[in-house]
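Comments concern the structure below.
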Amino acid sequence: MQLYEIIDRLEEIVPIAGTEQFPKTLINGELKTEIKKVGVALDFISSTLKMAKKNSCDLLLVHHGPPNYESISSEVTQSKIKLAKKFGISVYTLPFCLDISPLGSTAGFIKLMNFKAKSFPVVFQGRVVNNGVYKLKDEISHTELIKRLGKYPSSHIRVYGKPKRVYIDVAIAAGGGFQTDLIEQVKPEVYISGDLNIRAIRTAQELGILLIELSHSSMENFPLELTAKKLNKCLEVPVIYIEQEEPNVLVYNNKNYER
């Protein structure tokens with residue numbers, strides 16, 4: 001398939017409509033380039049480019065990439081584009097449109113966790129979106145929830161709030177879903193996402209919501225393997241998942257840090 005044919009097919013599978021403020025972007029490559037193999041990865045970084053090259057990929061589809069997550073004109077971005085050119089790898093981004101797709105990270109996370117859940121519609125930047133936030137269908141105990149999340153390959157789990165014995169209203173938004181407007185719309189007993197911040201904590205404090213944080217990268221990285229498998233059935237060329245190593249972030253506090 002030529003690159004423009006793959007882009008056209010991706011527009012059918014993961015349409016941009018309604019998410020134009022987060023544009024899909026061809027970072028490197030020519031539209032008439034013949035593509036024989038596609039790699040799918042979370043981030044546009046040197047290691048994923050090297051893995052794409054190692055696996056003989058002509059095209060790398062990434063979720064996090066310029067101009068949505070970094071400046072395309074920055075020195076670091078330009079050095080990665082230079083590496084892509086050297087390897088002969090075209091690079092195309094699939095940003096927010098993938099987040100709210102049935103092929104996206106939250107839907108994939110739910111499947112990997114073997115949760116029974118349904119999409120909860122929310123308003124984001126003036127439009128109703130589905131598949132970005134899910135709610136569990138069944139009640140679950142705090143012990144069971146933490147036990148199951150503990151088996152997921154996240155670099156950490158952080159919890160804010162007062163736990164209850166059993167929850168009947170648990171919401172999940174993969175990636176950077178700790179946004180106050182989403183929390184206020186959903187109003188669950190428990191809200192699970194990545195990138196916990198003080199604004200989310202203060203909102204949860206007022207509403208009496210327990211917050212559970214897994215790493216942003218893990219909640220979006222590993223579900224992409226499911227995305228790659230689905231794209232492999234939709235495109236006329238092989239599609240593989242390129243796994244990224246989960247960053248090992250050390251957390252210090254005043255109980256274990258010597259000043």
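Order determines the names: the first chain of the structure tokens is A, the second B, and so forth; residues in each chain are numbered 1 upward, and ligands are numbered 1 upward as they are shown.
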Requested in this report: Mind checking which residues fall within 7 Å of stretch 196-198 of chain A, counting only C-alpha atoms, ignoring those fewer than 4 positions away in the same chain, and posting them as a list in words?
Outcome: Phe178, Arg202 and Glu213 of chain A
Report task. Skip A:Thr19 itself and residues of its chain fewer than 2 positions away, then list as number ranges by chain all residues within 10 Å of it, counting only C-alpha atoms. Result -> A: 15-17, 21-24, 95-98, 100, 124-125, 127, 129
Put those residues in a file: N, CA and C atoms, as a PDB file, in the first residue's frame.
ATOM      1  N   PRO A  15     -11.556   8.342  12.638  1.00  0.00           N
ATOM      2  CA  PRO A  15     -11.794   9.655  12.014  1.00  0.00           C
ATOM      3  C   PRO A  15     -11.386  10.829  12.894  1.00  0.00           C
ATOM      4  N   ILE A  16     -10.941  11.891  12.263  1.00  0.00           N
ATOM      5  CA  ILE A  16     -10.499  13.092  12.968  1.00  0.00           C
ATOM      6  C   ILE A  16     -11.670  13.996  13.334  1.00  0.00           C
ATOM      7  N   ALA A  17     -12.832  13.800  12.721  1.00  0.00           N
ATOM      8  CA  ALA A  17     -13.985  14.688  12.892  1.00  0.00           C
ATOM      9  C   ALA A  17     -14.263  14.976  14.363  1.00  0.00           C
ATOM     10  N   GLN A  21      -8.676  20.085  16.602  1.00  0.00           N
ATOM     11  CA  GLN A  21      -7.710  20.880  17.359  1.00  0.00           C
ATOM     12  C   GLN A  21      -6.481  20.062  17.752  1.00  0.00           C
ATOM     13  N   PHE A  22      -6.578  18.716  17.571  1.00  0.00           N
ATOM     14  CA  PHE A  22      -5.435  17.833  17.804  1.00  0.00           C
ATOM     15  C   PHE A  22      -5.172  17.085  16.503  1.00  0.00           C
ATOM     16  N   PRO A  23      -4.573  17.728  15.520  1.00  0.00           N
ATOM     17  CA  PRO A  23      -4.505  17.169  14.164  1.00  0.00           C
ATOM     18  C   PRO A  23      -3.629  15.929  14.028  1.00  0.00           C
ATOM     19  N   LYS A  24      -4.080  15.004  13.180  1.00  0.00           N
ATOM     20  CA  LYS A  24      -3.192  13.947  12.719  1.00  0.00           C
ATOM     21  C   LYS A  24      -2.125  14.618  11.849  1.00  0.00           C
ATOM     22  N   PRO A  95      -3.377  11.231  17.444  1.00  0.00           N
ATOM     23  CA  PRO A  95      -3.509  11.815  18.788  1.00  0.00           C
ATOM     24  C   PRO A  95      -4.876  11.571  19.430  1.00  0.00           C
ATOM     25  N   PHE A  96      -5.613  12.639  19.783  1.00  0.00           N
ATOM     26  CA  PHE A  96      -6.845  12.527  20.557  1.00  0.00           C
ATOM     27  C   PHE A  96      -7.912  11.680  19.874  1.00  0.00           C
ATOM     28  N   CYS A  97      -7.916  11.652  18.555  1.00  0.00           N
ATOM     29  CA  CYS A  97      -8.909  10.848  17.840  1.00  0.00           C
ATOM     30  C   CYS A  97      -8.787   9.371  18.211  1.00  0.00           C
ATOM     31  N   LEU A  98      -7.574   8.910  18.545  1.00  0.00           N
ATOM     32  CA  LEU A  98      -7.401   7.523  18.965  1.00  0.00           C
ATOM     33  C   LEU A  98      -7.899   7.328  20.390  1.00  0.00           C
ATOM     34  N   ILE A 100     -10.469   8.544  21.815  1.00  0.00           N
ATOM     35  CA  ILE A 100     -11.914   8.398  21.892  1.00  0.00           C
ATOM     36  C   ILE A 100     -12.447   7.406  20.856  1.00  0.00           C
ATOM     37  N   PHE A 124     -16.187  17.162  26.119  1.00  0.00           N
ATOM     38  CA  PHE A 124     -14.793  17.606  26.129  1.00  0.00           C
ATOM     39  C   PHE A 124     -14.609  18.649  25.046  1.00  0.00           C
ATOM     40  N   GLN A 125     -14.179  19.838  25.461  1.00  0.00           N
ATOM     41  CA  GLN A 125     -13.960  20.965  24.551  1.00  0.00           C
ATOM     42  C   GLN A 125     -15.167  21.193  23.642  1.00  0.00           C
ATOM     43  N   ARG A 127     -17.791  19.213  22.829  1.00  0.00           N
ATOM     44  CA  ARG A 127     -18.472  18.141  22.108  1.00  0.00           C
ATOM     45  C   ARG A 127     -18.564  16.899  22.978  1.00  0.00           C
ATOM     46  N   VAL A 129     -18.105  13.135  23.707  1.00  0.00           N
ATOM     47  CA  VAL A 129     -17.202  12.089  23.236  1.00  0.00           C
ATOM     48  C   VAL A 129     -17.467  10.789  23.989  1.00  0.00           C
TER      49      VAL A 129
END
Query raised in the report: Using only C-alpha atoms, which residues sit within 9 Å of stretch 156-158 of chain A once same-chain residues fewer than 4 positions away are excluded, as a PyMOL selection string?
Result: chain A and resi 146+149-150+196+211-215+248-249
Report summary line: Restricting to only C-alpha atoms, whichever of A:Tyr69, A:Phe115, A:Phe109, A:Tyr252 is closest to A:Thr25 is A:Tyr69
Query raised in the report: Distance atom CA of A:Leu94-atom CA of A:Val62, one decimal place?
Result: 6.0 Å
Requested in this report: Using DSSP on the backbone, list every residue of stretch 60-193 of chain A that comes out as helix (DSSP H, G or I), and give them as an MDAnalysis selection string.
Outcome: chainID A and resid 75:87 96:99 105:112 142:150 180:186
Would you put the residues from that selection into a file with N, CA and C atoms, as a short mmCIF file (atom, residue, chain, number, x, y, z; two decimals), in the first residue's frame?
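Printed below is result_4.cif as written:
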data_model
loop_
_atom_site.label_atom_id
_atom_site.label_comp_id
_atom_site.auth_asym_id
_atom_site.auth_seq_id
_atom_site.Cartn_x
_atom_site.Cartn_y
_atom_site.Cartn_z
N GLU A 75 14.71 21.51 18.82
CA GLU A 75 15.95 20.82 18.44
C GLU A 75 15.83 19.31 18.64
N VAL A 76 15.19 18.91 19.75
CA VAL A 76 15.04 17.48 20.04
C VAL A 76 14.15 16.80 19.00
N THR A 77 13.02 17.44 18.67
CA THR A 77 12.12 16.86 17.66
C THR A 77 12.80 16.76 16.32
N GLN A 78 13.51 17.80 15.93
CA GLN A 78 14.18 17.78 14.64
C GLN A 78 15.25 16.70 14.56
N SER A 79 15.90 16.42 15.69
CA SER A 79 16.91 15.35 15.69
C SER A 79 16.25 13.99 15.47
N LYS A 80 15.04 13.81 16.00
CA LYS A 80 14.32 12.55 15.80
C LYS A 80 13.82 12.43 14.36
N ILE A 81 13.38 13.54 13.79
CA ILE A 81 12.95 13.54 12.39
C ILE A 81 14.14 13.19 11.48
N LYS A 82 15.30 13.73 11.83
CA LYS A 82 16.52 13.43 11.07
C LYS A 82 16.83 11.94 11.13
N LEU A 83 16.63 11.34 12.30
CA LEU A 83 16.88 9.90 12.46
C LEU A 83 15.87 9.09 11.63
N ALA A 84 14.60 9.54 11.63
CA ALA A 84 13.58 8.85 10.82
C ALA A 84 13.94 8.90 9.34
N LYS A 85 14.43 10.05 8.88
CA LYS A 85 14.85 10.19 7.49
C LYS A 85 16.02 9.25 7.19
N LYS A 86 16.95 9.17 8.12
CA LYS A 86 18.11 8.30 7.95
C LYS A 86 17.68 6.84 7.82
N PHE A 87 16.71 6.43 8.62
CA PHE A 87 16.22 5.05 8.60
C PHE A 87 15.24 4.79 7.46
N PHE A 96 -5.61 12.64 19.78
CA PHE A 96 -6.84 12.53 20.56
C PHE A 96 -7.91 11.68 19.87
N CYS A 97 -7.92 11.65 18.56
CA CYS A 97 -8.91 10.85 17.84
C CYS A 97 -8.79 9.37 18.21
N LEU A 98 -7.57 8.91 18.54
CA LEU A 98 -7.40 7.52 18.96
C LEU A 98 -7.90 7.33 20.39
N ASP A 99 -7.73 8.35 21.24
CA ASP A 99 -8.19 8.26 22.63
C ASP A 99 -9.68 7.96 22.71
N SER A 105 -6.91 3.70 23.95
CA SER A 105 -6.22 3.20 25.13
C SER A 105 -7.15 2.82 26.28
N THR A 106 -8.20 3.60 26.53
CA THR A 106 -9.08 3.26 27.64
C THR A 106 -9.82 1.97 27.37
N ALA A 107 -10.36 1.82 26.16
CA ALA A 107 -11.03 0.58 25.79
C ALA A 107 -10.07 -0.60 25.88
N GLY A 108 -8.82 -0.37 25.44
CA GLY A 108 -7.82 -1.43 25.50
C GLY A 108 -7.44 -1.78 26.92
N PHE A 109 -7.31 -0.76 27.77
CA PHE A 109 -6.97 -0.99 29.18
C PHE A 109 -8.06 -1.82 29.85
N ILE A 110 -9.31 -1.49 29.60
CA ILE A 110 -10.44 -2.23 30.16
C ILE A 110 -10.34 -3.71 29.76
N LYS A 111 -10.02 -3.96 28.50
CA LYS A 111 -9.92 -5.34 28.02
C LYS A 111 -8.74 -6.06 28.66
N LEU A 112 -7.59 -5.40 28.76
CA LEU A 112 -6.42 -6.02 29.37
C LEU A 112 -6.67 -6.37 30.83
N HIS A 142 -12.53 -2.70 47.60
CA HIS A 142 -11.28 -1.94 47.51
C HIS A 142 -10.09 -2.90 47.42
N THR A 143 -10.14 -3.95 48.23
CA THR A 143 -9.04 -4.93 48.24
C THR A 143 -8.86 -5.58 46.87
N GLU A 144 -9.97 -5.99 46.26
CA GLU A 144 -9.90 -6.63 44.96
C GLU A 144 -9.44 -5.67 43.87
N LEU A 145 -9.91 -4.42 43.93
CA LEU A 145 -9.53 -3.43 42.93
C LEU A 145 -8.03 -3.17 42.97
N ILE A 146 -7.48 -2.94 44.17
CA ILE A 146 -6.05 -2.67 44.29
C ILE A 146 -5.23 -3.91 43.91
N LYS A 147 -5.74 -5.08 44.26
CA LYS A 147 -5.04 -6.32 43.91
C LYS A 147 -4.94 -6.48 42.40
N ARG A 148 -6.04 -6.22 41.70
CA ARG A 148 -6.05 -6.38 40.25
C ARG A 148 -5.20 -5.31 39.57
N LEU A 149 -5.30 -4.08 40.04
CA LEU A 149 -4.47 -3.02 39.47
C LEU A 149 -2.99 -3.27 39.74
N GLY A 150 -2.69 -3.89 40.86
CA GLY A 150 -1.31 -4.18 41.22
C GLY A 150 -0.64 -5.17 40.29
N THR A 180 -10.23 18.18 35.85
CA THR A 180 -11.30 18.53 36.78
C THR A 180 -12.68 18.52 36.13
N ASP A 181 -12.78 18.99 34.89
CA ASP A 181 -14.11 19.02 34.25
C ASP A 181 -14.64 17.61 34.01
N LEU A 182 -13.75 16.66 33.72
CA LEU A 182 -14.19 15.28 33.55
C LEU A 182 -14.61 14.67 34.88
N ILE A 183 -13.84 14.91 35.91
CA ILE A 183 -14.17 14.38 37.24
C ILE A 183 -15.52 14.91 37.71
N GLU A 184 -15.78 16.20 37.47
CA GLU A 184 -17.05 16.79 37.89
C GLU A 184 -18.23 16.23 37.10
N GLN A 185 -18.01 15.90 35.83
CA GLN A 185 -19.09 15.32 35.03
C GLN A 185 -19.40 13.88 35.45
N VAL A 186 -18.37 13.12 35.73
CA VAL A 186 -18.54 11.69 36.00
C VAL A 186 -18.99 11.44 37.44
#
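Taking only C-alpha atoms into account, A:Phe44 lies nearest to A:Glu70 out of the set A:Glu5, A:Glu70, A:Asp169, A:Glu139.
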Query - For A:Glu34: contacts at 9 Å, only C-alpha atoms, fewer than 3 positions along chain excluded, given as a ChimeraX atom specification - result: /A:1-3,31,58
Query raised in the report: Looking at A:Lys162, A:Tyr134, A:Ser155, A:Asp195, which one is nearest to A:Ser218, with distances taken over only C-alpha atoms?
Result: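 Closest candidate: A:Ser155.
Pairwise distance (atom CA of A:Leu136, atom CA of A:Asn114) equals 10.7 Å.
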Query raised in the report: Using the chain letters and numbers from this document, which residues of stretch 105-170 of chain A does DSSP assign to strand (DSSP E), as JSON, numbers by chain?
Result: {"A": [117, 118, 119, 122, 123, 124, 127, 128, 129, 134, 135, 136, 140, 141, 157, 158, 159, 160, 166, 167, 170]}
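Between atom CA of A:Leu103 and atom CA of A:Ser56 the separation is 24.1 Å.
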Query raised in the report: Leaving out A:Ala41 and any residue of its chain fewer than 3 positions from it, which residues lie within 8 Å of it when counting only C-alpha atoms, given as a PyMOL selection string?
Result: chain A and resi 44+48+60-63+221+224+241-244
Query raised in the report: Which one is closest to A:Ile27: A:Met51, A:Ser90, A:Gly194, A:Gly126? Count only C-alpha atoms.
Result: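 Among A:Met51, A:Ser90, A:Gly194, A:Gly126, it is A:Ser90 that comes nearest to A:Ile27.
Distances here use only C-alpha atoms; by that measure, the residue among A:Lys229, A:Phe120, A:Tyr160, A:Asn253 closest to A:Ile201 is A:Tyr160.
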